[in-house]
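Structure file protein.cif with mmCIF, C-alpha atoms, pLDDT in the B column; chains and numbers go by the auth columns:
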```cif
data_start
#
loop_
_atom_site.group_PDB
_atom_site.id
_atom_site.type_symbol
_atom_site.label_atom_id
_atom_site.label_comp_id
_atom_site.label_asym_id
_atom_site.label_seq_id
_atom_site.Cartn_x
_atom_site.Cartn_y
_atom_site.Cartn_z
_atom_site.B_iso_or_equiv
_atom_site.auth_seq_id
_atom_site.auth_asym_id
ATOM 1 C CA MET A 1 -18.287 12.922 -7.925 32.00 3 G
ATOM 2 C CA THR A 2 -15.799 13.305 -10.675 31.00 4 G
ATOM 3 C CA ASN A 3 -12.499 13.456 -8.848 35.00 5 G
ATOM 4 C CA THR A 4 -10.698 10.537 -7.288 36.00 6 G
ATOM 5 C CA GLU A 5 -10.246 11.861 -3.791 36.00 7 G
ATOM 6 C CA THR A 6 -10.894 8.422 -2.393 42.00 8 G
ATOM 7 C CA GLU A 7 -7.760 7.107 -4.018 48.00 9 G
ATOM 8 C CA THR A 8 -4.530 7.439 -2.105 58.00 10 G
ATOM 9 C CA ARG A 9 -1.203 7.433 -3.850 60.00 11 G
ATOM 10 C CA PHE A 10 1.617 6.204 -1.678 66.00 12 G
ATOM 11 C CA VAL A 11 4.404 6.404 -4.197 77.00 13 G
ATOM 12 C CA VAL A 12 4.677 7.744 -7.741 82.00 14 G
ATOM 13 C CA MET A 13 7.843 7.250 -9.803 85.00 15 G
ATOM 14 C CA GLU A 14 8.226 8.561 -13.270 88.00 16 G
ATOM 15 C CA ARG A 15 11.239 8.367 -15.518 89.00 17 G
ATOM 16 C CA GLU A 16 11.967 8.658 -19.219 90.00 18 G
ATOM 17 C CA VAL A 17 14.072 5.721 -20.332 89.00 19 G
ATOM 18 C CA PRO A 18 15.834 5.454 -23.704 90.00 20 G
ATOM 19 C CA PHE A 19 14.207 2.154 -24.684 90.00 21 G
ATOM 20 C CA PRO A 20 11.039 1.266 -26.593 92.00 22 G
ATOM 21 C CA PRO A 21 7.930 0.175 -24.616 94.00 23 G
ATOM 22 C CA GLU A 22 8.190 -3.373 -26.044 94.00 24 G
ATOM 23 C CA LYS A 23 11.552 -3.916 -24.410 92.00 25 G
ATOM 24 C CA ILE A 24 10.464 -2.494 -21.065 93.00 26 G
ATOM 25 C CA TRP A 25 7.339 -4.638 -21.251 94.00 27 G
ATOM 26 C CA ARG A 26 9.527 -7.742 -21.421 93.00 28 G
ATOM 27 C CA ALA A 27 11.438 -6.640 -18.340 93.00 29 G
ATOM 28 C CA LEU A 28 8.167 -6.047 -16.504 95.00 30 G
ATOM 29 C CA THR A 29 6.495 -9.328 -17.457 95.00 31 G
ATOM 30 C CA GLN A 30 9.070 -12.103 -17.960 94.00 32 G
ATOM 31 C CA PRO A 31 9.800 -13.872 -14.651 95.00 33 G
ATOM 32 C CA HIS A 32 13.544 -14.314 -15.200 93.00 34 G
ATOM 33 C CA LEU A 33 13.844 -10.623 -16.089 92.00 35 G
ATOM 34 C CA ILE A 34 11.597 -9.469 -13.232 93.00 36 G
ATOM 35 C CA GLU A 35 13.879 -11.377 -10.895 92.00 37 G
ATOM 36 C CA GLU A 36 16.866 -9.366 -12.065 90.00 38 G
ATOM 37 C CA TRP A 37 15.501 -6.013 -11.031 92.00 39 G
ATOM 38 C CA LEU A 38 12.679 -6.695 -8.573 92.00 40 G
ATOM 39 C CA MET A 39 12.384 -10.064 -6.835 91.00 41 G
ATOM 40 C CA LYS A 40 12.042 -13.787 -7.401 94.00 42 G
ATOM 41 C CA ASN A 41 8.572 -14.490 -8.713 97.00 43 G
ATOM 42 C CA ASP A 42 6.071 -16.748 -10.462 97.00 44 G
ATOM 43 C CA PHE A 43 4.510 -13.969 -12.498 98.00 45 G
ATOM 44 C CA LYS A 44 2.323 -14.569 -15.542 97.00 46 G
ATOM 45 C CA PRO A 45 0.806 -11.728 -17.571 96.00 47 G
ATOM 46 C CA GLU A 46 -2.732 -13.035 -17.103 96.00 48 G
ATOM 47 C CA VAL A 47 -5.540 -11.199 -15.369 95.00 49 G
ATOM 48 C CA HIS A 48 -6.455 -12.879 -12.035 95.00 50 G
ATOM 49 C CA HIS A 49 -3.143 -14.752 -11.899 97.00 51 G
ATOM 50 C CA ARG A 50 -1.878 -14.865 -8.322 97.00 52 G
ATOM 51 C CA PHE A 51 1.839 -14.666 -7.805 97.00 53 G
ATOM 52 C CA LYS A 52 4.402 -14.123 -5.111 96.00 54 G
ATOM 53 C CA LEU A 53 7.410 -11.884 -5.086 94.00 55 G
ATOM 54 C CA SER A 54 9.960 -13.174 -2.645 92.00 56 G
ATOM 55 C CA ALA A 55 13.086 -11.752 -1.145 82.00 57 G
ATOM 56 C CA ASP A 56 15.226 -12.661 1.847 79.00 58 G
ATOM 57 C CA TRP A 57 13.236 -10.200 3.966 74.00 59 G
ATOM 58 C CA GLY A 58 9.841 -11.726 3.137 79.00 60 G
ATOM 59 C CA ALA A 59 7.260 -12.049 0.419 87.00 61 G
ATOM 60 C CA VAL A 60 4.691 -9.903 -1.315 90.00 62 G
ATOM 61 C CA ASP A 61 1.401 -11.479 -2.399 93.00 63 G
ATOM 62 C CA CYS A 62 0.137 -10.184 -5.704 95.00 64 G
ATOM 63 C CA ARG A 63 -2.689 -10.665 -8.151 95.00 65 G
ATOM 64 C CA VAL A 64 -2.768 -9.396 -11.704 96.00 66 G
ATOM 65 C CA LEU A 65 -5.543 -6.842 -12.247 94.00 67 G
ATOM 66 C CA ALA A 66 -4.879 -5.507 -15.739 96.00 68 G
ATOM 67 C CA VAL A 67 -2.640 -6.397 -18.661 97.00 69 G
ATOM 68 C CA GLU A 68 -2.468 -4.282 -21.783 97.00 70 G
ATOM 69 C CA PRO A 69 0.713 -5.334 -23.602 97.00 71 G
ATOM 70 C CA ASN A 70 3.311 -2.564 -23.979 97.00 72 G
ATOM 71 C CA LYS A 71 0.938 -0.071 -22.347 97.00 73 G
ATOM 72 C CA THR A 72 -0.161 -0.871 -18.831 97.00 74 G
ATOM 73 C CA LEU A 73 0.241 -3.496 -16.161 97.00 75 G
ATOM 74 C CA SER A 74 -1.410 -3.485 -12.789 95.00 76 G
ATOM 75 C CA TYR A 75 -1.309 -5.865 -9.843 95.00 77 G
ATOM 76 C CA THR A 76 -2.243 -5.927 -6.196 91.00 78 G
ATOM 77 C CA TRP A 77 0.606 -5.747 -3.731 88.00 79 G
ATOM 78 C CA ALA A 78 -0.017 -7.131 -0.256 84.00 80 G
ATOM 79 C CA ALA A 79 2.719 -6.873 2.314 75.00 81 G
ATOM 80 C CA PHE A 80 2.786 -6.064 6.018 63.00 82 G
ATOM 81 C CA GLY A 81 -0.991 -6.483 6.167 59.00 83 G
ATOM 82 C CA LEU A 82 -1.480 -3.650 3.715 67.00 84 G
ATOM 83 C CA GLU A 83 -3.060 -4.233 0.345 73.00 85 G
ATOM 84 C CA SER A 84 -2.182 -1.743 -2.348 82.00 86 G
ATOM 85 C CA VAL A 85 -2.108 -1.633 -6.119 87.00 87 G
ATOM 86 C CA VAL A 86 0.973 -1.193 -8.280 92.00 88 G
ATOM 87 C CA THR A 87 0.310 0.186 -11.739 92.00 89 G
ATOM 88 C CA TRP A 88 2.874 0.510 -14.515 95.00 90 G
ATOM 89 C CA THR A 89 2.211 2.786 -17.454 95.00 91 G
ATOM 90 C CA LEU A 90 4.369 2.911 -20.575 95.00 92 G
ATOM 91 C CA LEU A 91 4.045 5.882 -22.878 96.00 93 G
ATOM 92 C CA PRO A 92 6.163 6.039 -26.037 96.00 94 G
ATOM 93 C CA THR A 93 8.151 9.272 -26.491 96.00 95 G
ATOM 94 C CA ASP A 94 10.613 10.577 -29.120 95.00 96 G
ATOM 95 C CA LYS A 95 13.535 9.351 -27.060 91.00 97 G
ATOM 96 C CA GLY A 96 12.071 6.108 -25.748 92.00 98 G
ATOM 97 C CA THR A 97 9.426 5.602 -23.102 93.00 99 G
ATOM 98 C CA GLN A 98 7.941 7.569 -20.280 94.00 100 G
ATOM 99 C CA LEU A 99 7.749 4.896 -17.582 92.00 101 G
ATOM 100 C CA ARG A 100 5.500 5.504 -14.629 91.00 102 G
ATOM 101 C CA MET A 101 4.933 3.428 -11.525 90.00 103 G
ATOM 102 C CA GLU A 102 2.232 4.261 -9.085 87.00 104 G
ATOM 103 C CA GLN A 103 1.536 2.459 -5.844 84.00 105 G
ATOM 104 C CA SER A 104 -1.816 3.417 -4.470 78.00 106 G
ATOM 105 C CA GLY A 105 -4.688 2.423 -2.255 66.00 107 G
ATOM 106 C CA PHE A 106 -7.659 0.749 -3.789 51.00 108 G
ATOM 107 C CA ARG A 107 -10.034 2.591 -6.017 44.00 109 G
ATOM 108 C CA PRO A 108 -13.634 1.427 -5.696 40.00 110 G
ATOM 109 C CA ASP A 109 -13.496 -0.360 -9.069 42.00 111 G
ATOM 110 C CA GLN A 110 -10.301 -2.134 -8.140 42.00 112 G
ATOM 111 C CA GLN A 111 -11.789 -3.083 -4.820 41.00 113 G
ATOM 112 C CA GLN A 112 -14.505 -4.978 -6.651 39.00 114 G
ATOM 113 C CA ALA A 113 -11.899 -6.579 -8.860 37.00 115 G
ATOM 114 C CA TYR A 114 -9.957 -7.806 -5.885 39.00 116 G
ATOM 115 C CA HIS A 115 -11.782 -10.552 -4.026 33.00 117 G
ATOM 116 C CA GLY A 116 -11.251 -10.670 -0.341 33.00 118 G
ATOM 117 C CA ALA A 117 -9.800 -7.205 -0.047 37.00 119 G
ATOM 118 C CA LYS A 118 -10.438 -5.794 3.363 38.00 120 G
ATOM 119 C CA GLY A 119 -11.053 -2.396 1.848 40.00 121 G
ATOM 120 C CA GLY A 120 -11.427 0.918 3.496 46.00 122 G
ATOM 121 C CA TRP A 121 -7.719 1.659 3.480 50.00 123 G
ATOM 122 C CA GLN A 122 -8.041 4.506 1.054 49.00 124 G
ATOM 123 C CA ARG A 123 -10.621 6.122 3.280 50.00 125 G
ATOM 124 C CA PHE A 124 -8.340 5.558 6.216 54.00 126 G
ATOM 125 C CA PHE A 125 -5.351 7.098 4.505 54.00 127 G
ATOM 126 C CA ALA A 126 -7.450 10.068 3.446 53.00 128 G
ATOM 127 C CA ALA A 127 -8.368 10.535 7.093 52.00 129 G
ATOM 128 C CA LEU A 128 -4.765 9.954 8.081 53.00 130 G
ATOM 129 C CA GLU A 129 -3.547 12.700 5.796 53.00 131 G
ATOM 130 C CA GLN A 130 -5.853 15.117 7.552 53.00 132 G
ATOM 131 C CA VAL A 131 -4.640 13.908 10.911 50.00 133 G
ATOM 132 C CA LEU A 132 -0.980 14.146 9.918 49.00 134 G
ATOM 133 C CA ALA A 133 -1.551 17.657 8.624 54.00 135 G
ATOM 134 C CA ARG A 134 -2.541 18.623 12.148 52.00 136 G
ATOM 135 C CA ILE A 135 0.571 17.278 13.855 46.00 137 G
ATOM 136 C CA GLU A 136 3.991 18.800 13.539 40.00 138 G
ATOM 137 C CA MET B 1 11.650 -9.043 12.096 49.00 27 E
ATOM 138 C CA PRO B 2 8.530 -6.900 12.640 58.00 28 E
ATOM 139 C CA GLN B 3 8.936 -3.248 11.841 64.00 29 E
ATOM 140 C CA PRO B 4 6.972 -0.479 13.568 66.00 30 E
ATOM 141 C CA HIS B 5 4.815 0.055 10.475 69.00 31 E
ATOM 142 C CA ASP B 6 4.252 -3.711 10.306 72.00 32 E
ATOM 143 C CA ILE B 7 2.606 -3.656 13.744 80.00 33 E
ATOM 144 C CA LEU B 8 0.620 -0.544 12.831 80.00 34 E
ATOM 145 C CA PHE B 9 -0.718 -2.069 9.636 75.00 35 E
ATOM 146 C CA ARG B 10 -1.597 -5.326 11.372 78.00 36 E
ATOM 147 C CA THR B 11 -3.316 -3.448 14.159 85.00 37 E
ATOM 148 C CA LEU B 12 -5.262 -1.224 11.813 80.00 38 E
ATOM 149 C CA ALA B 13 -6.097 -3.962 9.291 74.00 39 E
ATOM 150 C CA ASP B 14 -9.281 -4.802 11.207 79.00 40 E
ATOM 151 C CA PRO B 15 -12.040 -2.464 9.927 78.00 41 E
ATOM 152 C CA THR B 16 -13.845 -2.265 13.291 87.00 42 E
ATOM 153 C CA ARG B 17 -10.637 -1.494 15.137 89.00 43 E
ATOM 154 C CA ARG B 18 -9.632 1.046 12.517 84.00 44 E
ATOM 155 C CA ALA B 19 -13.052 2.705 12.832 86.00 45 E
ATOM 156 C CA ILE B 20 -12.561 3.009 16.605 92.00 46 E
ATOM 157 C CA PHE B 21 -9.161 4.590 16.066 90.00 47 E
ATOM 158 C CA GLU B 22 -10.504 6.961 13.409 84.00 48 E
ATOM 159 C CA ARG B 23 -13.260 7.978 15.801 88.00 49 E
ATOM 160 C CA LEU B 24 -10.700 8.812 18.483 90.00 50 E
ATOM 161 C CA CYS B 25 -8.655 10.801 15.959 84.00 51 E
ATOM 162 C CA ARG B 26 -11.703 12.735 14.867 82.00 52 E
ATOM 163 C CA ASP B 27 -13.605 13.264 18.088 85.00 53 E
ATOM 164 C CA GLY B 28 -10.900 13.245 20.751 87.00 54 E
ATOM 165 C CA ASP B 29 -11.168 11.425 24.089 91.00 55 E
ATOM 166 C CA GLN B 30 -13.947 8.873 24.463 93.00 56 E
ATOM 167 C CA THR B 31 -15.059 6.318 27.009 94.00 57 E
ATOM 168 C CA VAL B 32 -15.608 2.640 26.162 93.00 58 E
ATOM 169 C CA GLY B 33 -19.333 3.194 26.640 92.00 59 E
ATOM 170 C CA VAL B 34 -19.505 5.959 24.044 92.00 60 E
ATOM 171 C CA LEU B 35 -17.310 4.032 21.614 93.00 61 E
ATOM 172 C CA THR B 36 -19.459 0.910 22.034 94.00 62 E
ATOM 173 C CA ALA B 37 -22.655 2.800 21.308 91.00 63 E
ATOM 174 C CA GLN B 38 -21.215 3.919 17.963 85.00 64 E
ATOM 175 C CA SER B 39 -19.345 0.796 16.955 86.00 65 E
ATOM 176 C CA GLY B 40 -22.059 -1.799 16.451 86.00 66 E
ATOM 177 C CA VAL B 41 -20.148 -4.437 18.428 92.00 67 E
ATOM 178 C CA SER B 42 -20.276 -5.473 22.095 95.00 68 E
ATOM 179 C CA GLN B 43 -18.455 -3.639 24.871 94.00 69 E
ATOM 180 C CA PRO B 44 -16.032 -6.546 25.518 95.00 70 E
ATOM 181 C CA ALA B 45 -15.184 -6.514 21.798 95.00 71 E
ATOM 182 C CA VAL B 46 -14.528 -2.761 21.891 96.00 72 E
ATOM 183 C CA SER B 47 -12.370 -3.175 25.018 95.00 73 E
ATOM 184 C CA LYS B 48 -10.388 -5.894 23.283 96.00 74 E
ATOM 185 C CA HIS B 49 -9.814 -3.665 20.230 96.00 75 E
ATOM 186 C CA LEU B 50 -8.725 -0.819 22.503 96.00 76 E
ATOM 187 C CA GLY B 51 -6.270 -3.193 24.196 96.00 77 E
ATOM 188 C CA VAL B 52 -4.711 -4.081 20.849 95.00 78 E
ATOM 189 C CA LEU B 53 -4.553 -0.398 19.838 95.00 79 E
ATOM 190 C CA LYS B 54 -2.937 0.422 23.175 95.00 80 E
ATOM 191 C CA GLN B 55 -0.313 -2.301 22.690 94.00 81 E
ATOM 192 C CA ALA B 56 0.575 -0.800 19.327 91.00 82 E
ATOM 193 C CA GLY B 57 0.965 2.587 20.989 92.00 83 E
ATOM 194 C CA LEU B 58 -1.936 4.024 19.026 93.00 84 E
ATOM 195 C CA VAL B 59 -4.135 4.848 22.010 95.00 85 E
ATOM 196 C CA ARG B 60 -3.598 5.807 25.625 95.00 86 E
ATOM 197 C CA ASP B 61 -6.005 5.200 28.479 94.00 87 E
ATOM 198 C CA ARG B 62 -6.619 7.553 31.339 94.00 88 E
ATOM 199 C CA PRO B 63 -8.801 6.549 34.318 92.00 89 E
ATOM 200 C CA GLU B 64 -11.157 9.262 35.449 89.00 90 E
ATOM 201 C CA GLY B 65 -13.436 8.293 38.304 89.00 91 E
ATOM 202 C CA ARG B 66 -15.157 5.033 37.415 88.00 92 E
ATOM 203 C CA GLN B 67 -14.618 5.619 33.705 89.00 93 E
ATOM 204 C CA THR B 68 -11.605 5.124 31.506 91.00 94 E
ATOM 205 C CA HIS B 69 -11.027 7.639 28.753 94.00 95 E
ATOM 206 C CA TYR B 70 -9.191 6.671 25.610 95.00 96 E
ATOM 207 C CA SER B 71 -7.304 9.020 23.320 94.00 97 E
ATOM 208 C CA ALA B 72 -5.485 8.569 19.999 91.00 98 E
ATOM 209 C CA GLN B 73 -1.709 8.852 20.038 89.00 99 E
ATOM 210 C CA LEU B 74 -1.056 10.582 16.756 81.00 100 E
ATOM 211 C CA GLY B 75 2.717 10.448 17.200 81.00 101 E
ATOM 212 C CA ALA B 76 2.551 6.672 16.685 82.00 102 E
ATOM 213 C CA LEU B 77 1.495 7.313 13.104 78.00 103 E
ATOM 214 C CA ALA B 78 4.882 8.752 12.228 76.00 104 E
ATOM 215 C CA ALA B 79 5.966 5.183 11.377 75.00 105 E
ATOM 216 C CA LEU B 80 3.438 5.185 8.535 73.00 106 E
ATOM 217 C CA ASN B 81 5.027 8.298 7.108 70.00 107 E
ATOM 218 C CA ASP B 82 8.411 6.623 7.415 73.00 108 E
ATOM 219 C CA TRP B 83 7.001 3.614 5.602 72.00 109 E
ATOM 220 C CA THR B 84 5.891 5.789 2.698 73.00 110 E
ATOM 221 C CA SER B 85 9.384 7.246 2.359 75.00 111 E
ATOM 222 C CA GLN B 86 10.887 3.769 2.637 75.00 112 E
ATOM 223 C CA MET B 87 8.660 2.557 -0.190 77.00 113 E
ATOM 224 C CA ALA B 88 9.697 5.540 -2.284 81.00 114 E
ATOM 225 C CA GLY B 89 13.341 4.597 -1.656 84.00 115 E
ATOM 226 C CA PHE B 90 12.597 0.968 -2.500 85.00 116 E
ATOM 227 C CA TRP B 91 11.038 1.853 -5.861 88.00 117 E
ATOM 228 C CA GLN B 92 13.782 4.358 -6.615 89.00 118 E
ATOM 229 C CA SER B 93 16.421 1.637 -6.346 90.00 119 E
ATOM 230 C CA ARG B 94 14.280 -0.847 -8.317 92.00 120 E
ATOM 231 C CA PHE B 95 13.935 1.708 -11.091 92.00 121 E
ATOM 232 C CA ASP B 96 17.721 1.997 -11.184 93.00 122 E
ATOM 233 C CA GLN B 97 18.067 -1.790 -11.373 94.00 123 E
ATOM 234 C CA LEU B 98 15.427 -1.986 -14.079 95.00 124 E
ATOM 235 C CA GLN B 99 17.259 0.602 -16.124 93.00 125 E
ATOM 236 C CA ASP B 100 20.536 -1.337 -15.690 94.00 126 E
ATOM 237 C CA LEU B 101 18.815 -4.487 -16.864 95.00 127 E
ATOM 238 C CA LEU B 102 17.380 -2.722 -19.926 95.00 128 E
ATOM 239 C CA LYS B 103 20.889 -1.637 -20.887 93.00 129 E
ATOM 240 C CA ARG B 104 22.104 -5.236 -20.634 93.00 130 E
ATOM 241 C CA MET B 105 19.167 -6.820 -22.463 89.00 131 E
ATOM 242 C CA ASP B 106 19.561 -7.558 -26.158 71.00 132 E
ATOM 243 C CA GLN B 107 17.020 -5.960 -28.459 55.00 133 E
#
```

What is this file in structure tokens?
Amino acid sequence: MTNTETETRFVVMEREVPFPPEKIWRALTQPHLIEEWLMKNDFKPEVHHRFKLSADWGAVDCRVLAVEPNKTLSYTWAAFGLESVVTWTLLPTDKGTQLRMEQSGFRPDQQQAYHGAKGGWQRFFAALEQVLARIE
Amino acid sequence: MPQPHDILFRTLADPTRRAIFERLCRDGDQTVGVLTAQSGVSQPAVSKHLGVLKQAGLVRDRPEGRQTHYSAQLGALAALNDWTSQMAGFWQSRFDQLQDLLKRMDQ
């Protein structure tokens, strides 16, 4: 199987921003900067590091899966009993950076990387899409 | 403050329970007996899962003779769709805030 049908994307955001990847990387990885645009946190750009994002409405439990400075950052995102993966990709362009954020279900390789994941959500959401397609 | 999707996710977080629900989505009405035979857990365990699913509004039971038939309530899943749009809105606003921050940051 070559395609990634088992992966479910919940949200994809893509935007070209007029800043170099290095600057965006700082905003994505330095706790005091993360706090300014996302939430309070104890983030560290280290694979396996567990951190919490907290807001007045609750907290999100995260674990760093991949760090490739100025290129890609990926962490698990567990909230409301649902475990997903948030992946940031930074691609330099003429005008700045193509910034992409994808929140998705687990891929099999990520599932192995994430200890204690309940798993099976991506299969469920694949089934759910079929079900939802049948209802009005 | 629990949200509708919160309850749905919690309810469906259990793999066995989720499998029972998926089965009902796929195959339509089933009795506890049939569901038990396919689930690999005991009948009381299946009944308990069905009770939790029913509380979340995900299944409905219908007595028929001595048997009770269970069916999936697909309408209850609408909250998951709402959740996806909410998340999209959440990230949209965070992107805006991130871009504001980048403008303010020194080089």

>> Counting all atoms listed in the file, a student should be able to say which residues of chain E come within 6 Å of chain G; what is the right answer, written as a PyMOL selection string?
In response: chain E and resi 32+35-36+114+120+123-124

> What is the distance between atom CA of G:His51 and atom CA of G:Leu67, in Å to one decimal?
Replying inline: 8.3 Å

> Of the candidates G:Thr95, G:Trp79, G:Lys46, G:Val69, which shows the shortest atom-to-atom distance to G:His34, using all atoms listed in the file?
Replying inline: G:Lys46

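Atom CA of E:Thr57 is found 9.6 Å from atom CA of E:Pro89.
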
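Under the PyMOL selection byres ((chain G and resi 62) around 6), the matching residues in the shown file are G:Lys54, G:Leu55, G:Ala61, G:Asp63, G:Ala80, G:Ala81.
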
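Residues surrounding E:Thr42 within 10 Å are Leu38, Ala39, Ala45, Ile46, Phe47, Glu48, Ser65, Gly66, Val67, Ala71, Val72 and His75 of chain E [all atoms listed in the file; sequence separation below 3 positions excluded].
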
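Here atom CA of E:Arg43 is placed at a distance of 25.3 Å from atom CA of E:Ser111.
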
>> I'd like to see the residues matched by the PyMOL selection byres ((chain E and resi 102) around 9) on this file, and ideally I'd get them as JSON, numbers by chain.
In response: {"E": [30, 34, 82, 83, 84, 85, 98, 99, 100, 101, 103, 104, 105, 106]}

Just write the chosen residues, C-alpha atoms, as a compact mmCIF listing (two decimals), in the frame of the given file.
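Writing done, so here's again_24.txt:
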```
# COMPACT_ATOMS: atom_id res chain seq x y z
CA PRO E 30 6.97 -0.48 13.57
CA LEU E 34 0.62 -0.54 12.83
CA ALA E 82 0.57 -0.80 19.33
CA GLY E 83 0.96 2.59 20.99
CA LEU E 84 -1.94 4.02 19.03
CA VAL E 85 -4.14 4.85 22.01
CA ALA E 98 -5.48 8.57 20.00
CA GLN E 99 -1.71 8.85 20.04
CA LEU E 100 -1.06 10.58 16.76
CA GLY E 101 2.72 10.45 17.20
CA LEU E 103 1.50 7.31 13.10
CA ALA E 104 4.88 8.75 12.23
CA ALA E 105 5.97 5.18 11.38
CA LEU E 106 3.44 5.18 8.54
```

> Counting all atoms listed in the file, what is within 7 Å of stretch 31-33 of chain G, bar same-chain residues fewer than 4 positions away, as a list in words?
Replying inline: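 Surrounding residues, per the criterion: Trp27, Glu37, Asn43, Asp44, Phe45, Lys46 and Pro47 of chain G.
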
>> What's around E:Glu90 at 12 Å? Count only C-alpha atoms, leave out sequence neighbours fewer than 4 positions away in its own chain, and write the answer as number ranges by chain.
In response: E: 55-57, 94-96

>> Would you pick out the contacts of G:Ala68 at 7 Å or less, using all atoms listed in the file, so that residues sharing its chain but fewer than 2 positions from it are not included, and give the list as a PyMOL selection string?
In response: chain G and resi 49+66+70+75-77

> Residues picked by the PyMOL selection byres ((chain G and resi 52) around 6) here, as an MDAnalysis selection string?
Replying inline: chainID G and resid 51 53 64:65
